[in-house]
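Colleague: Contents are PDB, C-alpha atoms; file name coords.pdb:
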```pdb
ATOM      1  CA  MET A   1      38.148 119.962 107.093
ATOM      2  CA  ARG A   2      39.663 116.895 105.527
ATOM      3  CA  PHE A   3      39.928 116.706 101.775
ATOM      4  CA  ILE A   4      38.366 113.421 100.777
ATOM      5  CA  HIS A   5      37.460 113.899  97.126
ATOM      6  CA  TYR A   6      40.609 112.850  95.399
ATOM      7  CA  THR A   7      41.697 109.229  95.135
ATOM      8  CA  PRO A   8      45.178 109.204  93.607
ATOM      9  CA  ASN A   9      45.555 105.461  93.980
ATOM     10  CA  THR A  10      44.086 103.893  90.873
ATOM     11  CA  ARG A  11      43.134 100.747  92.726
ATOM     12  CA  SER A  12      41.474 102.375  95.702
ATOM     13  CA  VAL A  13      38.085 101.771  94.088
ATOM     14  CA  ALA A  14      38.474  98.101  94.997
ATOM     15  CA  PRO A  15      36.111  96.900  97.723
ATOM     16  CA  ALA A  16      37.478  96.846 101.252
ATOM     17  CA  THR A  17      37.163  93.105 101.571
ATOM     18  CA  ALA A  18      36.410  90.422  99.054
ATOM     19  CA  ALA A  19      33.442  88.090  99.315
ATOM     20  CA  GLY A  20      33.791  85.505 102.050
ATOM     21  CA  GLY A  21      35.598  87.904 104.365
ATOM     22  CA  ARG A  22      39.022  87.215 102.896
ATOM     23  CA  PHE A  23      41.243  90.096 101.954
ATOM     24  CA  ALA A  24      41.424  90.856  98.274
ATOM     25  CA  ARG A  25      44.838  91.221  96.713
ATOM     26  CA  ALA A  26      44.072  94.822  95.749
ATOM     27  CA  ASP A  27      43.129  95.580  99.323
ATOM     28  CA  ILE A  28      46.391  94.263 100.697
ATOM     29  CA  GLU A  29      48.199  96.317  98.057
ATOM     30  CA  ASN A  30      46.307  99.418  99.172
ATOM     31  CA  GLN A  31      47.262  98.786 102.777
ATOM     32  CA  LEU A  32      50.912  98.375 101.816
ATOM     33  CA  ASP A  33      50.821 101.538  99.704
ATOM     34  CA  TRP A  34      49.369 103.392 102.635
ATOM     35  CA  LEU A  35      52.003 102.028 105.015
ATOM     36  CA  PHE A  36      54.929 102.851 102.774
ATOM     37  CA  GLY A  37      53.367 105.975 101.296
ATOM     38  CA  ALA A  38      54.731 108.217 104.026
ATOM     39  CA  ALA A  39      58.299 107.109 103.360
ATOM     40  CA  LEU A  40      57.963 107.217  99.572
ATOM     41  CA  THR A  41      56.605 110.747  99.348
ATOM     42  CA  GLY A  42      59.462 112.142 101.410
ATOM     43  CA  LEU A  43      60.774 113.987  98.357
ATOM     44  CA  ALA A  44      57.729 116.194  98.265
ATOM     45  CA  GLY A  45      57.293 116.986 101.916
ATOM     46  CA  THR A  46      55.271 115.448 104.700
ATOM     47  CA  PRO A  47      51.959 114.033 103.579
ATOM     48  CA  CYS A  48      48.924 115.425 105.329
ATOM     49  CA  ALA A  49      45.274 116.136 104.669
ATOM     50  CA  GLY A  50      44.478 118.362 101.705
ATOM     51  CA  GLN A  51      47.288 117.128  99.514
ATOM     52  CA  PHE A  52      47.232 116.553  95.796
ATOM     53  CA  PRO A  53      49.450 114.612  93.353
ATOM     54  CA  VAL A  54      52.600 116.385  92.189
ATOM     55  CA  ASP A  55      54.966 115.443  89.370
ATOM     56  CA  LEU A  56      58.530 116.691  88.938
ATOM     57  CA  TYR A  57      60.202 116.924  85.534
ATOM     58  CA  GLU A  58      63.395 118.486  84.258
ATOM     59  CA  ASP A  59      65.164 119.306  81.047
ATOM     60  CA  LYS A  60      68.468 121.089  80.501
ATOM     61  CA  ASP A  61      67.031 124.585  81.065
ATOM     62  CA  ASN A  62      64.167 124.153  83.512
ATOM     63  CA  THR A  63      62.662 122.135  86.317
ATOM     64  CA  TYR A  64      58.897 121.668  86.081
ATOM     65  CA  VAL A  65      56.493 121.030  88.929
ATOM     66  CA  ARG A  66      53.081 119.824  87.789
ATOM     67  CA  ALA A  67      50.216 119.620  90.268
ATOM     68  CA  GLU A  68      46.734 118.203  89.777
ATOM     69  CA  LEU A  69      44.338 120.815  91.099
ATOM     70  CA  PRO A  70      40.988 120.362  89.369
ATOM     71  CA  GLY A  71      38.235 122.889  89.990
ATOM     72  CA  VAL A  72      40.354 125.500  91.728
ATOM     73  CA  ASN A  73      39.792 129.199  91.273
ATOM     74  CA  ARG A  74      42.820 130.830  89.622
ATOM     75  CA  ASP A  75      42.717 133.672  92.159
ATOM     76  CA  ALA A  76      42.892 131.140  94.985
ATOM     77  CA  ILE A  77      46.186 129.619  93.828
ATOM     78  CA  SER A  78      49.323 130.874  95.526
ATOM     79  CA  VAL A  79      52.785 129.744  94.508
ATOM     80  CA  GLU A  80      55.756 130.846  96.634
ATOM     81  CA  ILE A  81      59.388 129.963  97.058
ATOM     82  CA  VAL A  82      60.307 129.715 100.718
ATOM     83  CA  ASP A  83      63.737 128.521 101.903
ATOM     84  CA  GLY A  84      64.510 126.455  98.834
ATOM     85  CA  SER A  85      61.067 124.873  98.730
ATOM     86  CA  LEU A  86      58.146 125.566  96.458
ATOM     87  CA  SER A  87      54.936 126.101  98.346
ATOM     88  CA  ILE A  88      51.672 125.594  96.450
ATOM     89  CA  GLN A  89      48.459 126.629  98.154
ATOM     90  CA  ALA A  90      44.964 126.565  96.735
ATOM     91  CA  SER A  91      41.378 126.261  97.803
ATOM     92  CA  ARG A  92      38.366 124.668  96.238
ATOM     93  CA  LYS A  93      34.714 125.186  96.980
ATOM     94  CA  ALA A  94      32.977 121.925  97.775
ATOM     95  CA  LYS A  95      29.288 121.394  98.276
ATOM     96  CA  SER A  96      28.322 119.770 101.523
ATOM     97  CA  GLY A  97      24.601 119.280 101.798
ATOM     98  CA  GLU A  98      22.941 122.653 101.427
ATOM     99  CA  GLY A  99      25.915 124.886 102.007
ATOM    100  CA  GLU A 100      29.374 125.265 100.533
ATOM    101  CA  ASN A 101      32.694 124.543 102.158
ATOM    102  CA  ALA A 102      36.096 125.772 101.123
ATOM    103  CA  VAL A 103      38.640 122.961 101.007
ATOM    104  CA  SER A 104      42.193 124.179 101.412
ATOM    105  CA  LEU A 105      44.966 122.337  99.625
ATOM    106  CA  ASN A 106      48.658 122.798 100.186
ATOM    107  CA  ARG A 107      51.901 121.124  99.347
ATOM    108  CA  LEU A 108      55.568 121.846  99.881
ATOM    109  CA  VAL A 109      57.969 120.573  97.221
ATOM    110  CA  SER A 110      61.756 120.576  97.567
ATOM    111  CA  ILE A 111      63.349 122.216  94.563
ATOM    112  CA  PRO A 112      66.983 122.406  93.408
ATOM    113  CA  ASP A 113      69.154 125.270  94.728
ATOM    114  CA  GLU A 114      70.151 126.510  91.293
ATOM    115  CA  VAL A 115      66.736 127.988  90.441
ATOM    116  CA  GLN A 116      66.338 131.604  89.338
ATOM    117  CA  ALA A 117      63.663 132.499  91.856
ATOM    118  CA  ASP A 118      62.766 135.753  90.106
ATOM    119  CA  LYS A 119      62.027 134.050  86.787
ATOM    120  CA  VAL A 120      59.658 131.357  88.018
ATOM    121  CA  PHE A 121      56.272 131.309  86.317
ATOM    122  CA  ALA A 122      53.130 129.242  86.642
ATOM    123  CA  ALA A 123      50.283 128.332  84.295
ATOM    124  CA  TYR A 124      46.920 126.765  85.094
ATOM    125  CA  GLU A 125      45.038 124.835  82.436
ATOM    126  CA  ASN A 126      42.426 122.053  82.523
ATOM    127  CA  GLY A 127      42.852 121.702  86.265
ATOM    128  CA  ILE A 128      46.628 121.245  86.116
ATOM    129  CA  LEU A 129      49.086 123.763  87.508
ATOM    130  CA  THR A 130      52.502 123.782  85.854
ATOM    131  CA  VAL A 131      55.259 125.758  87.554
ATOM    132  CA  THR A 132      58.370 126.365  85.458
ATOM    133  CA  LEU A 133      61.564 126.946  87.409
ATOM    134  CA  PRO A 134      64.414 128.164  85.154
ATOM    135  CA  ARG A 135      67.929 127.125  86.115
ATOM    136  CA  LYS A 136      70.704 129.565  86.758
ATOM    137  CA  GLU A 137      73.070 129.995  83.824
ATOM    138  CA  GLU A 138      76.079 128.633  85.706
ATOM    139  CA  ALA A 139      74.188 125.479  86.646
ATOM    140  CA  LYS A 140      73.368 124.557  83.079
ATOM    141  CA  PRO A 141      75.533 121.879  81.491
ATOM    142  CA  LYS A 142      78.242 123.454  79.329
ATOM    143  CA  LYS A 143      79.922 121.845  76.413
ATOM    144  CA  ILE A 144      83.643 122.443  76.273
ATOM    145  CA  SER A 145      85.322 121.559  73.062
ATOM    146  CA  VAL A 146      88.838 120.267  73.358
ATOM    147  CA  SER A 147      91.050 120.265  70.377
ATOM    148  CA  VAL A 148      93.536 117.469  70.244
ATOM    149  CA  ASN A 149      96.671 118.201  68.317
TER
ATOM    150  CA  MET B 150      65.340  97.069  94.140
ATOM    151  CA  SER B 151      63.404  94.146  92.707
ATOM    152  CA  LEU B 152      62.651  92.974  96.241
ATOM    153  CA  LEU B 153      61.370  96.440  97.076
ATOM    154  CA  ASN B 154      59.186  96.382  93.965
ATOM    155  CA  THR B 155      57.688  93.085  95.067
ATOM    156  CA  LEU B 156      57.042  94.355  98.565
ATOM    157  CA  ILE B 157      55.562  97.727  97.702
ATOM    158  CA  PRO B 158      52.980  97.415  94.931
ATOM    159  CA  SER B 159      52.919 101.084  93.949
ATOM    160  CA  LEU B 160      56.603 100.991  92.984
ATOM    161  CA  SER B 161      56.099  98.437  90.253
ATOM    162  CA  ARG B 162      52.746  99.898  89.300
ATOM    163  CA  ALA B 163      53.603 103.514  88.382
ATOM    164  CA  GLY B 164      51.598 103.788  85.184
ATOM    165  CA  THR B 165      51.563 100.087  84.509
ATOM    166  CA  ASN B 166      49.437  97.244  85.743
ATOM    167  CA  GLY B 167      52.360  95.427  87.299
ATOM    168  CA  ASP B 168      53.032  93.269  84.248
ATOM    169  CA  GLY B 169      54.741  96.109  82.437
ATOM    170  CA  VAL B 170      51.677  96.799  80.305
ATOM    171  CA  ALA B 171      50.399 100.376  80.407
ATOM    172  CA  CYS B 172      46.983 100.665  82.044
ATOM    173  CA  ALA B 173      44.279 101.356  79.482
ATOM    174  CA  SER B 174      42.195 103.513  81.781
ATOM    175  CA  ARG B 175      41.439 104.404  85.362
ATOM    176  CA  ARG B 176      38.281 105.392  87.130
ATOM    177  CA  PRO B 177      38.062 109.051  88.068
ATOM    178  CA  HIS B 178      36.677 110.284  91.339
ATOM    179  CA  PHE B 179      33.041 111.291  91.006
ATOM    180  CA  GLU B 180      30.066 112.448  93.048
ATOM    181  CA  VAL B 181      26.358 112.058  92.366
ATOM    182  CA  GLU B 182      23.630 114.160  93.902
ATOM    183  CA  GLU B 183      19.925 113.805  93.363
ATOM    184  CA  THR B 184      17.308 116.509  93.136
ATOM    185  CA  GLU B 185      13.618 116.116  92.395
ATOM    186  CA  GLY B 186      13.893 116.361  88.633
ATOM    187  CA  ALA B 187      17.483 115.496  87.874
ATOM    188  CA  TYR B 188      20.737 113.875  88.910
ATOM    189  CA  GLY B 189      23.851 115.991  89.164
ATOM    190  CA  LEU B 190      27.115 114.254  88.393
ATOM    191  CA  THR B 191      30.508 115.769  89.169
ATOM    192  CA  VAL B 192      33.566 114.019  87.750
ATOM    193  CA  PHE B 193      37.164 115.003  88.567
ATOM    194  CA  LEU B 194      39.162 114.903  85.327
ATOM    195  CA  PRO B 195      42.409 116.862  85.846
ATOM    196  CA  GLY B 196      44.356 117.396  82.638
ATOM    197  CA  VAL B 197      41.513 116.526  80.275
ATOM    198  CA  PRO B 198      40.782 119.190  77.626
ATOM    199  CA  LYS B 199      37.379 119.600  75.987
ATOM    200  CA  ASP B 200      38.378 117.744  72.812
ATOM    201  CA  GLY B 201      39.715 114.810  74.821
ATOM    202  CA  LEU B 202      36.360 114.214  76.462
ATOM    203  CA  GLU B 203      33.749 111.810  75.159
ATOM    204  CA  ILE B 204      30.354 111.220  76.724
ATOM    205  CA  THR B 205      28.020 108.553  75.387
ATOM    206  CA  ASP B 206      24.710 107.285  76.666
ATOM    207  CA  GLU B 207      23.546 104.011  75.221
ATOM    208  CA  GLY B 208      21.258 101.287  76.512
ATOM    209  CA  GLY B 209      21.051 102.662  80.031
ATOM    210  CA  GLU B 210      24.820 103.031  80.272
ATOM    211  CA  LEU B 211      26.491 106.388  80.593
ATOM    212  CA  ARG B 212      30.131 106.265  79.572
ATOM    213  CA  ILE B 213      32.577 109.109  80.134
ATOM    214  CA  THR B 214      36.083 108.848  78.730
ATOM    215  CA  GLY B 215      38.697 111.553  79.107
ATOM    216  CA  LYS B 216      42.122 111.509  77.492
ATOM    217  CA  ARG B 217      44.803 113.525  79.215
ATOM    218  CA  ALA B 218      46.767 115.941  77.085
ATOM    219  CA  PRO B 219      50.325 116.264  78.372
ATOM    220  CA  LYS B 220      51.352 119.919  78.341
ATOM    221  CA  LEU B 221      55.080 119.576  78.781
ATOM    222  CA  PRO B 222      57.857 120.463  76.353
ATOM    223  CA  GLU B 223      59.569 117.708  74.403
ATOM    224  CA  GLY B 224      62.556 115.966  75.909
ATOM    225  CA  VAL B 225      61.783 116.332  79.606
ATOM    226  CA  THR B 226      62.647 113.570  82.030
ATOM    227  CA  ALA B 227      60.443 112.675  84.958
ATOM    228  CA  LEU B 228      62.163 112.905  88.345
ATOM    229  CA  HIS B 229      59.158 112.020  90.470
ATOM    230  CA  ARG B 230      55.647 110.989  89.440
ATOM    231  CA  GLU B 231      52.481 110.752  91.468
ATOM    232  CA  SER B 232      49.939 111.152  88.702
ATOM    233  CA  SER B 233      49.213 108.812  85.821
ATOM    234  CA  ASP B 234      48.865 109.520  82.107
ATOM    235  CA  ALA B 235      46.254 106.790  81.711
ATOM    236  CA  ALA B 236      42.926 107.975  80.327
ATOM    237  CA  PHE B 237      39.947 108.297  82.638
ATOM    238  CA  GLU B 238      36.953 106.059  82.110
ATOM    239  CA  LEU B 239      33.744 106.068  84.095
ATOM    240  CA  VAL B 240      30.779 103.832  83.280
ATOM    241  CA  LEU B 241      27.549 104.314  85.188
ATOM    242  CA  THR B 242      24.330 102.415  84.581
ATOM    243  CA  HIS B 243      20.999 104.135  85.059
ATOM    244  CA  ASP B 244      18.402 101.664  83.696
ATOM    245  CA  ASN B 245      16.964 104.347  81.397
ATOM    246  CA  THR B 246      15.721 106.402  84.328
ATOM    247  CA  VAL B 247      17.554 109.312  82.711
ATOM    248  CA  ASP B 248      16.261 111.204  79.685
ATOM    249  CA  ALA B 249      19.166 110.836  77.239
ATOM    250  CA  GLY B 250      17.951 113.820  75.236
ATOM    251  CA  LYS B 251      18.288 116.142  78.212
ATOM    252  CA  ILE B 252      21.849 115.621  79.352
ATOM    253  CA  GLY B 253      23.759 118.819  79.899
ATOM    254  CA  ALA B 254      27.536 118.847  80.277
ATOM    255  CA  GLU B 255      30.028 121.511  81.339
ATOM    256  CA  LEU B 256      33.788 121.039  81.632
ATOM    257  CA  LYS B 257      35.721 123.649  83.557
ATOM    258  CA  ASP B 258      39.226 123.481  85.022
ATOM    259  CA  GLY B 259      39.329 119.692  85.005
ATOM    260  CA  ILE B 260      35.907 119.209  86.567
ATOM    261  CA  LEU B 261      32.980 117.895  84.545
ATOM    262  CA  HIS B 262      29.469 118.737  85.653
ATOM    263  CA  LEU B 263      26.695 116.690  84.100
ATOM    264  CA  SER B 264      23.036 117.284  84.671
ATOM    265  CA  LEU B 265      20.949 114.238  83.898
ATOM    266  CA  ALA B 266      17.232 114.977  83.728
ATOM    267  CA  LYS B 267      15.121 112.140  85.071
ATOM    268  CA  ALA B 268      12.856 110.359  82.611
ATOM    269  CA  GLU B 269       9.156 111.066  83.096
ATOM    270  CA  SER B 270       8.597 107.461  84.158
ATOM    271  CA  ALA B 271      11.166 107.803  86.942
ATOM    272  CA  LYS B 272       9.685 110.925  88.498
ATOM    273  CA  PRO B 273       7.557 110.506  91.581
ATOM    274  CA  ARG B 274       3.892 110.603  90.745
ATOM    275  CA  LYS B 275       1.197 111.572  93.145
ATOM    276  CA  ILE B 276      -1.927 109.514  92.869
ATOM    277  CA  SER B 277      -5.063 111.053  94.204
ATOM    278  CA  VAL B 278      -7.584 108.841  95.948
ATOM    279  CA  ASN B 279     -11.215 109.437  95.242
TER
END
```
Show me the file's structure as structure tokens.
Modeller:
Amino acid sequence: MRFIHYTPNTRSVAPATAAGGRFARADIENQLDWLFGAALTGLAGTPCAGQFPVDLYEDKDNTYVRAELPGVNRDAISVEIVDGSLSIQASRKAKSGEGENAVSLNRLVSIPDEVQADKVFAAYENGILTVTLPRKEEAKPKKISVSVN
Amino acid sequence: MSLLNTLIPSLSRAGTNGDGVACASRRPHFEVEETEGAYGLTVFLPGVPKDGLEITDEGGELRITGKRAPKLPEGVTALHRESSDAAFELVLTHDNTVDAGKIGAELKDGILHLSLAKAESAKPRKISVN
């Protein structure tokens, strides 16, 4: 099943065509975003159905991966490190007519090599999953003081 | 790079409206379903805590605003962004077919469920013929 609920593009609410049958500027922008989207999201793996927006942050000690996963059961979230990539999998129950469907969401994010895989932890709050990836000690920037005589 | 920004709108947009001014708000994804006595509204608001949410109903206009609360330590730098920090805003008009006194709201894990009871005047009425 295709995940159709999320619209990450803020302008995708624009109508498909403007009055008079001419293309609206926002529509052309959407088309361009769609065309180039595949190339631009290369950092975070191949885009496919069931994806969700991911942010990457870093400071001197950690790398943070933040994923927007509203309405997901905590038990249904799985975070794994496989071959230097962070794999996030989740599922959400979606109503379709009378019954309920489970929508599966997954994303593969490339992460730096110098991560301490055994100290990775994740937190889920307000529909946002934050994975903290601590850096290895030797990869952290070190300050070396040099005394000049 | 400036040529690339001109060609690909999303590059220059990233949290701004293209003119370098931060977007005031964006419209969240939402779904509406109708039952006999009420409307059910589901709004996707990832990153919005309970105290960042405001729901008002005035003059047949239901307004939902949700401010995102960033939960990251100080001093982090963004390497790659796909989400936006702009607040969510959704305005729906209902022409007073909803009983404003009977609106129930529940926010859980970034999803807001609203139940909007239909006003008596909007409910179907069966008229018997003598």
Colleague: Could you give me, as a list in words, the residues within 9 Å of B:Lys216, counting all atoms listed in the file and dropping anything in the same chain fewer than 4 positions from it?
Modeller: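 Listed by chain and then number, they are Gly196, Val197, Pro198, Asp200, Gly201, Leu202, Glu203, Asp234, Ala235, Ala236, Phe237 and Glu238 of chain B.
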Colleague: As a list in words, could you give me every residue of chain B near chain A (at most 6 Å apart, counting all atoms listed in the file)?
Modeller: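 Every residue of chain B that passes the 6 Å test is in Pro158, Pro195, Gly196, Pro198, Val225, Thr226, Ala227, Leu228, His229, Arg230, Glu231, Ser232, Asp258, Gly259 and Ile260 of chain B.
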Colleague: I'd like to know which of A:Glu80, A:Gly99, A:Lys142, A:Val148 is closest to A:Asp118, using all atoms listed in the file.
Modeller: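 Of A:Glu80, A:Gly99, A:Lys142, A:Val148, the one nearest A:Asp118 is A:Glu80, counting all atoms listed in the file.
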Colleague: From the set A:Ala139, A:Val146, A:Ala94, A:Val79, which residue has the shortest atom-to-atom contact distance to A:Pro112, counting all atoms listed in the file?
Modeller: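 Looking only at the distances to A:Pro112, the closest residue turns out to be A:Ala139.
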Colleague: Quick one, how far is atom CA of B:Lys257 from atom CA of A:Ala90?
Modeller: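 Result for atom CA of B:Lys257 versus atom CA of A:Ala90: 16.4 Å, one decimal.
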Colleague: Which residues would end up in the selection if the PyMOL selection byres ((chain B and resi 208) around 12) were applied here, given that I need the answer as number ranges by chain?
Modeller: B: 205-207, 209-212, 240-249
Colleague: Please, what distance in Å, to one decimal, runs between atom CA of A:Phe121 and atom CA of A:Leu133?
Modeller: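 So the answer is 6.9 Å.
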